[in-house]
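File shown: entry10.cif (mmCIF, C-alpha atoms).
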```cif
data_query
#
loop_
_atom_site.label_atom_id
_atom_site.label_comp_id
_atom_site.auth_asym_id
_atom_site.auth_seq_id
_atom_site.Cartn_x
_atom_site.Cartn_y
_atom_site.Cartn_z
CA MET A 1 32.55 3.13 31.30
CA ASN A 2 31.66 6.52 32.71
CA GLU A 3 30.75 8.92 29.94
CA PRO A 4 30.48 12.52 31.11
CA VAL A 5 27.07 14.16 31.29
CA VAL A 6 26.99 16.79 28.54
CA VAL A 7 24.73 19.84 28.72
CA ARG A 8 24.21 22.15 25.76
CA GLN A 9 22.28 25.40 25.80
CA CYS A 10 20.25 25.79 22.57
CA VAL A 11 19.90 29.26 21.04
CA ASP A 12 16.65 30.74 22.42
CA GLY A 13 15.68 27.25 23.53
CA PRO A 14 16.06 24.56 26.16
CA MET A 15 19.17 22.88 27.54
CA LEU A 16 19.89 19.53 25.95
CA VAL A 17 21.17 17.04 28.50
CA ARG A 18 22.87 13.81 27.50
CA GLY A 19 23.85 11.13 29.97
CA ALA A 20 21.95 12.25 33.07
CA ASP A 21 19.89 9.81 35.14
CA VAL A 22 17.83 12.23 37.21
CA VAL A 23 16.83 15.89 36.81
CA LEU A 24 15.63 17.86 39.82
CA ASP A 25 12.97 20.50 39.20
CA ASP A 26 12.72 23.86 40.98
CA GLN A 27 10.81 22.22 43.84
CA GLY A 28 13.53 19.63 44.31
CA ASN A 29 11.39 16.82 42.87
CA GLU A 30 13.26 14.05 41.11
CA HIS A 31 12.43 13.27 37.47
CA ARG A 32 13.97 10.14 36.01
CA VAL A 33 15.52 10.50 32.58
CA THR A 34 14.06 7.91 30.21
CA ARG A 35 15.40 9.20 26.87
CA PRO A 36 18.90 9.25 25.42
CA VAL A 37 18.71 13.07 25.38
CA VAL A 38 16.30 15.32 27.26
CA ALA A 39 15.43 18.98 26.78
CA VAL A 40 15.22 20.88 30.07
CA CYS A 41 13.06 24.02 30.10
CA THR A 42 14.99 27.25 30.56
CA CYS A 43 12.25 29.78 29.75
CA GLY A 44 10.26 28.82 32.85
CA LYS A 45 6.97 28.62 30.95
CA SER A 46 6.78 24.92 30.14
CA GLN A 47 3.69 23.10 31.30
CA ARG A 48 5.66 19.86 31.56
CA LYS A 49 8.53 21.08 33.70
CA PRO A 50 11.30 20.28 34.08
CA TRP A 51 11.00 19.21 30.43
CA CYS A 52 10.73 21.64 27.51
CA ASP A 53 7.37 21.56 25.71
CA ALA A 54 8.31 24.20 23.10
CA THR A 55 6.25 26.93 24.81
CA HIS A 56 9.27 29.27 24.46
CA LYS A 57 8.44 29.53 20.76
CA VAL A 58 5.19 31.37 21.44
CA ILE A 59 6.45 33.81 24.07
CA PRO A 60 8.00 37.09 22.90
CA ARG A 61 11.78 37.12 23.12
CA MET B 1 -2.44 -5.97 4.31
CA GLN B 2 -4.39 -6.53 1.10
CA VAL B 3 -3.30 -4.89 -2.15
CA PRO B 4 -5.47 -1.76 -2.33
CA HIS B 5 -8.09 -1.25 -5.03
CA ALA B 6 -6.97 0.76 -8.05
CA ARG B 7 -7.93 4.40 -8.41
CA GLY B 8 -6.88 4.83 -12.05
CA PRO B 9 -4.59 3.36 -14.73
CA LEU B 10 -1.27 3.67 -12.84
CA SER B 11 -2.43 2.02 -9.63
CA ALA B 12 -4.37 -0.55 -11.69
CA TRP B 13 -1.17 -1.45 -13.51
CA VAL B 14 0.83 -1.87 -10.28
CA ARG B 15 -2.02 -3.83 -8.73
CA ASP B 16 -2.11 -6.18 -11.73
CA VAL B 17 1.62 -6.84 -11.45
CA LEU B 18 1.29 -7.55 -7.72
CA VAL B 19 -1.68 -9.90 -7.98
CA GLY B 20 -0.20 -11.74 -10.97
CA VAL B 21 -2.51 -10.52 -13.74
CA ASP B 22 -0.89 -9.64 -17.08
CA PRO B 23 -0.66 -5.86 -16.77
CA GLY B 24 0.16 -5.03 -20.40
CA HIS B 25 2.23 -1.93 -21.09
CA ALA B 26 2.69 0.49 -18.21
CA PRO B 27 0.60 3.64 -18.69
CA ASP B 28 2.28 7.02 -19.22
CA VAL B 29 2.97 9.15 -16.19
CA PRO B 30 0.87 12.33 -16.45
CA GLU B 31 2.53 15.71 -16.99
CA ASP B 32 0.39 17.64 -14.52
CA ALA B 33 0.98 17.91 -10.78
CA LEU B 34 1.30 14.57 -9.10
CA THR B 35 0.74 15.78 -5.54
CA GLY B 36 -3.02 15.79 -5.85
CA ASN B 37 -3.24 12.81 -8.21
CA GLU B 38 -4.54 9.91 -6.13
CA ASP B 39 -3.91 7.35 -8.85
CA ALA B 40 -0.24 8.32 -9.19
CA GLN B 41 0.27 8.64 -5.44
CA LEU B 42 -1.36 5.29 -4.71
CA ALA B 43 0.75 3.63 -7.41
CA LEU B 44 3.90 5.15 -5.93
CA TRP B 45 2.84 4.20 -2.40
CA MET B 46 2.31 0.58 -3.46
CA THR B 47 5.78 0.37 -5.01
CA TYR B 48 7.32 1.72 -1.79
CA GLU B 49 5.24 -0.45 0.50
CA LEU B 50 6.94 -3.51 -0.98
CA HIS B 51 10.07 -2.36 0.92
CA TYR B 52 8.25 -1.95 4.24
CA ARG B 53 5.66 -4.59 5.16
CA GLY B 54 4.59 -5.87 1.73
CA PHE B 55 1.13 -7.20 0.91
CA ASP B 56 -0.70 -10.43 1.70
CA ASP B 57 -0.38 -13.06 -1.04
CA VAL B 58 2.16 -11.02 -3.04
CA SER B 59 5.53 -12.60 -3.74
CA PRO B 60 8.39 -10.92 -1.86
CA ASP B 61 10.21 -10.90 -5.22
CA ALA B 62 7.85 -8.14 -6.38
CA GLU B 63 9.99 -5.75 -4.33
CA TRP B 64 12.59 -5.80 -7.12
CA ASP B 65 10.31 -6.32 -10.12
CA LEU B 66 11.95 -4.39 -12.94
CA GLY B 67 8.66 -3.20 -14.41
CA ILE B 68 7.58 -1.77 -11.05
CA LEU B 69 10.96 -0.14 -10.52
CA ALA B 70 10.86 1.41 -14.01
CA LEU B 71 7.43 2.92 -13.40
CA ARG B 72 8.52 4.15 -9.98
CA ARG B 73 11.56 5.85 -11.48
CA GLN B 74 9.33 7.80 -13.85
CA LEU B 75 6.90 8.75 -11.09
CA GLU B 76 9.74 9.82 -8.81
CA ARG B 77 11.42 11.92 -11.50
CA ARG B 78 8.22 13.79 -12.23
CA PHE B 79 7.34 14.15 -8.54
CA GLU B 80 10.80 15.43 -7.59
CA GLU B 81 10.85 17.91 -10.51
CA GLN B 82 7.51 19.28 -9.39
CA LEU B 83 8.58 19.54 -5.75
CA ARG B 84 11.77 21.35 -6.80
CA ALA B 85 9.71 23.74 -8.93
CA VAL B 86 7.26 24.66 -6.15
CA THR B 87 10.02 25.20 -3.57
CA ALA B 88 12.50 26.97 -5.88
CA SER B 89 11.34 30.48 -5.11
CA ALA B 90 10.99 30.03 -1.33
CA GLU B 91 12.93 32.45 0.82
CA VAL B 92 15.46 30.81 3.07
CA PRO B 93 16.85 32.70 6.10
CA LEU B 94 20.45 33.78 5.66
CA ASP B 95 22.54 32.10 8.30
CA THR B 96 25.69 30.13 7.94
CA ASP B 97 24.52 27.64 10.57
CA VAL B 98 22.21 25.22 8.75
CA GLY B 99 20.69 24.05 12.05
CA GLU B 100 19.55 27.58 12.89
CA VAL B 101 18.24 28.05 9.34
CA LEU B 102 16.11 24.93 9.75
CA LEU B 103 14.72 26.01 13.11
CA ASP B 104 14.01 29.51 11.75
CA LEU B 105 12.22 28.02 8.74
CA ALA B 106 10.05 25.89 11.02
CA GLN B 107 9.31 28.92 13.18
CA SER B 108 8.29 30.96 10.13
CA ALA B 109 5.69 28.40 9.00
CA ASP B 110 2.47 30.39 8.66
CA GLY B 111 0.15 28.08 6.75
CA PRO B 112 -3.32 27.04 7.90
CA SER B 113 -3.30 25.23 11.24
CA ILE B 114 -5.02 21.91 11.40
CA ALA B 115 -4.01 21.61 15.06
CA LEU B 116 -5.81 24.83 16.00
CA ARG B 117 -8.95 23.56 14.32
CA LEU B 118 -8.69 20.21 16.11
CA GLN B 119 -8.08 21.96 19.42
CA ARG B 120 -11.03 24.35 19.21
CA ASP B 121 -13.76 23.39 16.76
CA ALA B 122 -13.38 19.97 15.16
CA THR B 123 -16.17 17.44 15.61
CA VAL B 124 -15.62 13.88 16.83
CA GLY B 125 -16.02 12.71 13.23
CA GLN B 126 -13.37 15.13 12.01
CA MET B 127 -10.97 14.09 14.76
CA ARG B 128 -11.50 10.46 13.78
CA ASP B 129 -10.91 11.36 10.13
CA TYR B 130 -7.65 13.04 11.15
CA LEU B 131 -6.52 10.06 13.26
CA SER B 132 -7.30 7.54 10.53
CA GLN B 133 -5.68 9.52 7.66
CA ARG B 134 -2.52 10.13 9.66
CA SER B 135 -2.32 6.41 10.50
CA ILE B 136 -0.86 5.97 7.01
CA VAL B 137 2.18 7.95 8.18
CA GLN B 138 2.28 7.27 11.92
CA LEU B 139 1.98 3.48 11.91
CA LYS B 140 5.37 3.37 10.24
CA GLU B 141 6.69 6.40 12.06
CA SER B 142 10.49 6.71 11.70
CA ASP B 143 10.77 3.68 9.41
CA PRO B 144 11.71 5.72 6.31
CA HIS B 145 14.60 7.31 8.20
CA SER B 146 16.03 3.97 9.26
CA PHE B 147 16.91 3.40 5.61
CA VAL B 148 19.07 6.54 5.71
CA LEU B 149 21.11 5.46 8.72
CA GLY B 150 23.47 3.27 6.68
CA ARG B 151 24.18 6.17 4.34
CA LEU B 152 25.51 8.51 7.00
CA ASP B 153 28.72 8.44 8.92
CA GLY B 154 30.34 9.92 11.99
CA ALA B 155 28.50 12.35 14.26
CA ALA B 156 25.42 12.63 12.01
CA LYS B 157 24.97 8.85 12.07
CA VAL B 158 25.34 8.71 15.85
CA ALA B 159 22.74 11.45 16.26
CA LEU B 160 20.24 9.77 13.91
CA ALA B 161 20.73 6.46 15.74
CA GLU B 162 20.11 8.25 19.04
CA LEU B 163 16.93 9.81 17.64
CA GLN B 164 15.68 6.52 16.22
CA TYR B 165 16.33 4.76 19.53
CA ASP B 166 13.97 7.23 21.19
CA GLU B 167 11.39 6.93 18.38
CA TYR B 168 11.60 3.17 18.66
CA GLY B 169 10.78 3.17 22.34
CA GLY B 170 14.19 3.54 24.01
CA GLY B 171 14.44 -0.20 24.65
CA ARG B 172 10.78 -0.54 25.73
CA PRO B 173 8.50 -2.17 23.12
CA GLY B 174 5.44 -0.54 24.68
CA ARG B 175 6.93 2.92 24.01
CA LEU B 176 7.52 2.33 20.29
CA HIS B 177 5.93 5.44 18.80
CA ALA B 178 4.11 3.49 16.08
CA ALA B 179 2.72 1.21 18.83
CA LEU B 180 1.56 4.25 20.82
CA TYR B 181 -0.27 5.39 17.69
CA ALA B 182 -1.89 1.97 17.28
CA GLN B 183 -2.95 2.16 20.93
CA ALA B 184 -4.42 5.62 20.27
CA LEU B 185 -6.40 4.32 17.29
CA ARG B 186 -7.71 1.37 19.31
CA ALA B 187 -8.73 3.62 22.20
CA ALA B 188 -10.54 5.89 19.74
CA GLY B 189 -12.51 2.91 18.42
CA LEU B 190 -10.59 2.90 15.13
CA ASP B 191 -8.77 0.04 13.43
CA PRO B 192 -5.15 -0.09 14.65
CA GLN B 193 -3.94 -2.46 11.94
CA TYR B 194 -1.19 -1.31 9.64
CA GLY B 195 -2.72 -0.13 6.36
CA ALA B 196 -6.31 -0.40 7.62
CA TYR B 197 -7.23 3.00 6.16
CA ILE B 198 -5.33 2.85 2.90
CA GLU B 199 -8.54 2.74 0.85
CA GLN B 200 -9.62 6.04 2.45
CA ALA B 201 -6.21 7.74 2.21
CA SER B 202 -6.40 10.93 0.19
CA ALA B 203 -3.92 11.83 -2.56
CA VAL B 204 -2.26 14.38 -0.27
CA THR B 205 -2.01 11.93 2.65
CA LEU B 206 -0.31 9.46 0.31
CA ALA B 207 1.94 12.17 -1.13
CA SER B 208 3.00 13.23 2.38
CA VAL B 209 4.27 9.74 3.16
CA ASN B 210 5.61 9.14 -0.36
CA VAL B 211 8.00 12.09 -0.15
CA MET B 212 9.50 10.56 2.98
CA SER B 213 10.00 7.24 1.20
CA MET B 214 11.36 8.87 -1.96
CA PHE B 215 13.93 10.84 0.05
CA ALA B 216 14.86 7.79 2.12
CA PHE B 217 15.14 5.26 -0.70
CA ASN B 218 17.34 7.41 -2.93
CA ARG B 219 20.80 7.78 -1.44
CA ARG B 220 21.26 10.91 -3.54
CA LEU B 221 18.44 12.53 -1.55
CA ARG B 222 19.72 11.69 1.95
CA GLY B 223 20.17 15.39 2.67
CA ALA B 224 16.56 16.07 1.71
CA SER B 225 15.41 13.23 3.96
CA MET B 226 17.10 14.74 6.99
CA GLY B 227 16.04 18.31 6.15
CA HIS B 228 12.46 17.09 5.87
CA LEU B 229 12.79 15.33 9.22
CA ALA B 230 14.11 18.52 10.85
CA ILE B 231 10.97 20.45 9.90
CA PHE B 232 8.73 17.51 10.74
CA GLU B 233 10.12 17.44 14.28
CA ALA B 234 10.36 21.21 14.71
CA THR B 235 6.71 21.76 13.75
CA SER B 236 5.40 18.98 15.94
CA SER B 237 5.58 19.83 19.62
CA LEU B 238 3.15 22.77 19.87
CA PRO B 239 0.61 21.36 17.35
CA ARG B 240 0.49 18.03 19.13
CA ARG B 241 -0.25 19.76 22.40
CA ARG B 242 -3.16 21.48 20.69
CA ILE B 243 -4.41 18.17 19.32
CA SER B 244 -4.16 16.62 22.78
CA ARG B 245 -6.34 19.44 24.12
CA GLY B 246 -8.80 18.89 21.29
CA LEU B 247 -8.99 15.22 22.19
CA GLU B 248 -9.63 16.17 25.81
CA ARG B 249 -12.34 18.66 24.77
CA LEU B 250 -14.07 15.97 22.73
CA GLY B 251 -13.86 13.40 25.53
CA PHE B 252 -11.48 10.94 23.87
CA PRO B 253 -9.85 8.49 26.34
CA GLU B 254 -6.47 9.09 27.93
CA ASP B 255 -4.83 6.42 25.76
CA VAL B 256 -5.55 8.46 22.63
CA ARG B 257 -3.93 11.54 24.14
CA ALA B 258 -0.90 9.59 25.38
CA TYR B 259 0.58 9.44 21.88
CA PHE B 260 0.27 13.19 21.42
CA ASP B 261 1.50 14.01 24.94
CA GLU B 262 4.59 11.86 24.38
CA HIS B 263 5.36 13.81 21.21
CA VAL B 264 5.05 17.20 22.89
CA GLU B 265 8.01 16.23 25.04
CA ALA B 266 9.94 14.02 22.61
CA ASP B 267 9.81 16.41 19.67
CA ALA B 268 10.90 19.37 21.80
CA VAL B 269 14.16 17.39 22.11
CA HIS B 270 14.23 15.91 18.63
CA GLU B 271 14.01 19.20 16.76
CA HIS B 272 17.37 20.28 18.19
CA VAL B 273 18.93 16.87 17.64
CA VAL B 274 17.86 16.75 13.98
CA ALA B 275 18.62 20.38 13.14
CA HIS B 276 22.05 20.59 14.75
CA ASP B 277 23.37 17.12 15.49
CA ILE B 278 22.13 15.40 12.33
CA CYS B 279 21.78 18.11 9.66
CA GLY B 280 24.51 20.36 11.06
CA CYS B 281 27.04 17.53 11.27
CA MET B 282 25.96 16.13 7.92
CA VAL B 283 26.53 19.45 6.15
CA ALA B 284 29.81 19.99 8.01
CA ALA B 285 30.99 16.62 6.67
CA GLU B 286 29.50 17.04 3.19
CA PRO B 287 28.94 20.76 2.44
CA ASP B 288 27.38 19.94 -0.94
CA LEU B 289 24.38 18.46 0.88
CA ARG B 290 23.29 21.83 2.29
CA ASP B 291 21.02 22.66 -0.66
CA ASP B 292 19.30 19.29 -0.47
CA VAL B 293 18.83 19.59 3.29
CA LEU B 294 17.06 22.90 2.67
CA PHE B 295 15.10 21.41 -0.26
CA GLY B 296 13.81 18.64 2.03
CA ALA B 297 12.90 21.22 4.68
CA LEU B 298 10.95 23.33 2.17
CA VAL B 299 9.16 20.25 0.86
CA CYS B 300 8.05 19.38 4.38
CA LEU B 301 6.66 22.90 4.89
CA HIS B 302 4.92 22.70 1.50
CA MET B 303 3.42 19.29 2.27
CA ASP B 304 2.28 20.42 5.73
CA ASP B 305 0.31 23.24 4.09
CA LEU B 306 -1.22 20.87 1.56
CA VAL B 307 -2.16 18.38 4.27
CA ALA B 308 -3.83 21.11 6.34
CA CYS B 309 -5.72 22.45 3.29
CA ASP B 310 -6.74 18.91 2.37
CA PHE B 311 -8.39 18.33 5.76
CA LEU B 312 -9.92 21.80 6.01
CA GLN B 313 -11.38 21.66 2.50
CA ARG B 314 -12.82 18.22 3.11
CA TRP B 315 -14.36 19.21 6.42
CA ASP B 316 -15.70 22.52 5.21
CA SER B 317 -17.21 21.13 2.04
CA ASP B 318 -18.65 17.97 3.55
CA LEU B 319 -20.22 18.11 6.96
CA GLN B 320 -21.04 14.43 6.69
CA VAL B 321 -17.51 13.14 7.32
CA ALA B 322 -17.76 9.46 8.11
CA SER B 323 -17.34 8.79 11.79
#
```

Can the structure in the file be given as structure tokens, please?
Amino acid sequence: MNEPVVVRQCVDGPMLVRGADVVLDDQGNEHRVTRPVVAVCTCGKSQRKPWCDATHKVIPR
Amino acid sequence: MQVPHARGPLSAWVRDVLVGVDPGHAPDVPEDALTGNEDAQLALWMTYELHYRGFDDVSPDAEWDLGILALRRQLERRFEEQLRAVTASAEVPLDTDVGEVLLDLAQSADGPSIALRLQRDATVGQMRDYLSQRSIVQLKESDPHSFVLGRLDGAAKVALAELQYDEYGGGRPGRLHAALYAQALRAAGLDPQYGAYIEQASAVTLASVNVMSMFAFNRRLRGASMGHLAIFEATSSLPRRRISRGLERLGFPEDVRAYFDEHVEADAVHEHVVAHDICGCMVAAEPDLRDDVLFGALVCLHMDDLVACDFLQRWDSDLQVAS
């Protein structure tokens, strides 16, 4: 059973990724996905990259 | 867990029923605000706890004792009326997308910040007070919402199941969020047992967990339960990062911070899942639930403010917080 990986861009927020096994960060490092859904940082300011840590909420849009 | 000691006539009556003493007639439920009434909140908490882990030496049949259920119904009616009254005049952002409304509401929260205090100024004793009070909620983290799962259908149900799977460790018992909290308590030198701090739990701490149970145990309020959860998740990530920094500042061990660090990441995901995939799909399927979703969200914001004020007042008025 191969379910497609689904990526959804949240409004002013991260990308929600369902079904991925590995996410590569901007340095090419592999991060294993250990949750059913992960939020990938798109603002570039997360301190837990590649994962969102909600920092986007405190930076001016 | 032992049946807690009574703090007034209502909790004394429930306690008597549970321990098998003739309780006489149930006392009247007071007219004034129940949120800060520790006797009423403890009584309500005890009636709910029968559905979770129960109490040592209390018959499991007490869960459906008609006298207890009758008193609970009265307490719940009064409590819900009061919560509806305090949230009735709140301004709700105008947006047709309920998920965006929920996230905007969370973003607009401007009450006192307990997390900021814990990050910058709190003492070790205050941090321990915070950890032990919140154990009343966190040691059964996500359990109220599991009761709602069977009341949803379709996409909303799938999304709640997905969320709960993550909360319950994603297939790894050691990652169960309630177990991470127990580990944090242990590492902080506190008692990790379920219910260990119930005798110290303030009225507001009890009220904050009672609203979750009230919303979860009444099918009618399933929308409120999920709206409450949306705000709970969407106001979690940044504050928990602050608390983690406070723990680091105060020299607490890594195992205490692990719980908070996990939530920084998990709740950054969960807020979107609850707002859009659970609440959005729920309201799409049952449009009449929209008002209750927003009611639950406003109650969570209200309770968060009360919880913060409760801690700040206690710490500012009593510098001798037990440590």

Legend entry - Contact residues (chain A, partner chain B, 10 Å, all atoms listed in the file) as a PyMOL selection string: chain A and resi 10-11+13-17+34-41+48-49+51-55+57-58

Legend entry - the PyMOL selection byres ((chain B and resi 257) around 9) resolved against shown file, as a ChimeraX atom specification: /B:184,243-245,247-248,252-256,258-262

Inset, instruction - Given the file shown, enumerate the residues that the PyMOL selection byres ((chain B and resi 8) around 10) captures and present them as an MDAnalysis selection string. - result: chainID B and resid 5:7 9:13 37:40 42:43

Legend entry - Spatial neighbours of Asp12 in chain A, max dist 10 Å, only C-alpha atoms, sep filter under 5 positions, as a ChimeraX atom specification: /A:42-43,56-57,61

With all atoms of range 294-312 of chain B from the file as input, state the centre and edge lengths in Å to one decimal of the axis-aligned box that has 5 Å extra on each side, as AutoDock Vina command-line options.
```
--center_x 3.6 --center_y 20.8 --center_z 3.0 --size_x 37.0 --size_y 15.0 --size_z 16.6
```

Legend entry - Straight-line distance linking CA of Ile68 in chain B with CA of Arg84 in chain B, stated in Å to one decimal: 23.9 Å

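Atom to atom, CA of Val211 in chain B and CA of Ala297 in chain B stand 11.4 Å apart.
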
Legend entry - Cut-off 7 Å around (29.3, 13.4, 26.5) with all atoms listed in the file: residues as a list of chain:residue names: A:Glu3, A:Pro4, A:Val5, A:Val6, A:Arg18, A:Gly19

Inset, instruction - Return as an MDAnalysis selection string the set of residues that the PyMOL selection byres ((chain B and resi 138) around 12) yields on the displayed structure. - result: chainID B and resid 130:137 139:144 167 176:185 192:195 197 205 208:209 212 259:260 263

Inset, instruction - Could you jot down the CA of Leu289 in chain B to CA of Leu83 in chain B separation for me, Å, one decimal place? - result: 17.2 Å

Inset, instruction - Would you be able to write out as a VMD selection string which residues have an atom within 12 Å of (24.5, 15.7, 8.2) in the file's coordinates, counting only C-alpha atoms? - result: chain B and resid 98 to 99 148 to 149 151 to 160 221 to 227 229 to 230 273 to 294

For range 41-58 of chain A, supply N, CA and C atoms and format the output as a PDB file, keeping the file's coordinate frame.
```
ATOM      1  N   CYS A  41      13.614  22.670  30.291  1.00  0.00           N
ATOM      2  CA  CYS A  41      13.060  24.020  30.100  1.00  0.00           C
ATOM      3  C   CYS A  41      13.967  25.068  30.728  1.00  0.00           C
ATOM      4  N   THR A  42      14.235  26.132  29.982  1.00  0.00           N
ATOM      5  CA  THR A  42      14.990  27.250  30.560  1.00  0.00           C
ATOM      6  C   THR A  42      14.210  28.559  30.486  1.00  0.00           C
ATOM      7  N   CYS A  43      13.026  28.536  29.836  1.00  0.00           N
ATOM      8  CA  CYS A  43      12.250  29.780  29.750  1.00  0.00           C
ATOM      9  C   CYS A  43      11.312  29.907  30.953  1.00  0.00           C
ATOM     10  N   GLY A  44      11.110  28.803  31.656  1.00  0.00           N
ATOM     11  CA  GLY A  44      10.260  28.820  32.850  1.00  0.00           C
ATOM     12  C   GLY A  44       8.778  28.702  32.564  1.00  0.00           C
ATOM     13  N   LYS A  45       8.402  28.602  31.288  1.00  0.00           N
ATOM     14  CA  LYS A  45       6.970  28.620  30.950  1.00  0.00           C
ATOM     15  C   LYS A  45       6.417  27.250  30.557  1.00  0.00           C
ATOM     16  N   SER A  46       7.260  26.244  30.541  1.00  0.00           N
ATOM     17  CA  SER A  46       6.780  24.920  30.140  1.00  0.00           C
ATOM     18  C   SER A  46       5.673  24.444  31.061  1.00  0.00           C
ATOM     19  N   GLN A  47       4.739  23.708  30.474  1.00  0.00           N
ATOM     20  CA  GLN A  47       3.690  23.100  31.300  1.00  0.00           C
ATOM     21  C   GLN A  47       4.036  21.659  31.650  1.00  0.00           C
ATOM     22  N   ARG A  48       5.221  21.221  31.238  1.00  0.00           N
ATOM     23  CA  ARG A  48       5.660  19.860  31.560  1.00  0.00           C
ATOM     24  C   ARG A  48       7.016  19.896  32.243  1.00  0.00           C
ATOM     25  N   LYS A  49       7.229  20.912  33.049  1.00  0.00           N
ATOM     26  CA  LYS A  49       8.530  21.080  33.700  1.00  0.00           C
ATOM     27  C   LYS A  49       8.899  19.852  34.518  1.00  0.00           C
ATOM     28  N   PRO A  50      10.180  19.478  34.545  1.00  0.00           N
ATOM     29  CA  PRO A  50      11.300  20.280  34.080  1.00  0.00           C
ATOM     30  C   PRO A  50      11.554  20.193  32.569  1.00  0.00           C
ATOM     31  N   TRP A  51      10.709  19.435  31.848  1.00  0.00           N
ATOM     32  CA  TRP A  51      11.000  19.210  30.430  1.00  0.00           C
ATOM     33  C   TRP A  51      10.460  20.357  29.568  1.00  0.00           C
ATOM     34  N   CYS A  52      11.167  20.639  28.503  1.00  0.00           N
ATOM     35  CA  CYS A  52      10.730  21.640  27.510  1.00  0.00           C
ATOM     36  C   CYS A  52       9.502  21.094  26.782  1.00  0.00           C
ATOM     37  N   ASP A  53       8.519  21.949  26.545  1.00  0.00           N
ATOM     38  CA  ASP A  53       7.370  21.560  25.710  1.00  0.00           C
ATOM     39  C   ASP A  53       7.200  22.537  24.549  1.00  0.00           C
ATOM     40  N   ALA A  54       8.266  23.263  24.243  1.00  0.00           N
ATOM     41  CA  ALA A  54       8.310  24.200  23.100  1.00  0.00           C
ATOM     42  C   ALA A  54       7.506  25.482  23.329  1.00  0.00           C
ATOM     43  N   THR A  55       7.013  25.698  24.530  1.00  0.00           N
ATOM     44  CA  THR A  55       6.250  26.930  24.810  1.00  0.00           C
ATOM     45  C   THR A  55       7.088  28.189  24.519  1.00  0.00           C
ATOM     46  N   HIS A  56       8.417  28.092  24.699  1.00  0.00           N
ATOM     47  CA  HIS A  56       9.270  29.270  24.460  1.00  0.00           C
ATOM     48  C   HIS A  56       9.074  29.858  23.068  1.00  0.00           C
ATOM     49  N   LYS A  57       8.595  29.025  22.133  1.00  0.00           N
ATOM     50  CA  LYS A  57       8.440  29.530  20.760  1.00  0.00           C
ATOM     51  C   LYS A  57       7.301  30.533  20.645  1.00  0.00           C
ATOM     52  N   VAL A  58       6.359  30.479  21.561  1.00  0.00           N
ATOM     53  CA  VAL A  58       5.190  31.370  21.440  1.00  0.00           C
ATOM     54  C   VAL A  58       5.248  32.533  22.442  1.00  0.00           C
TER      55      VAL A  58
END
```
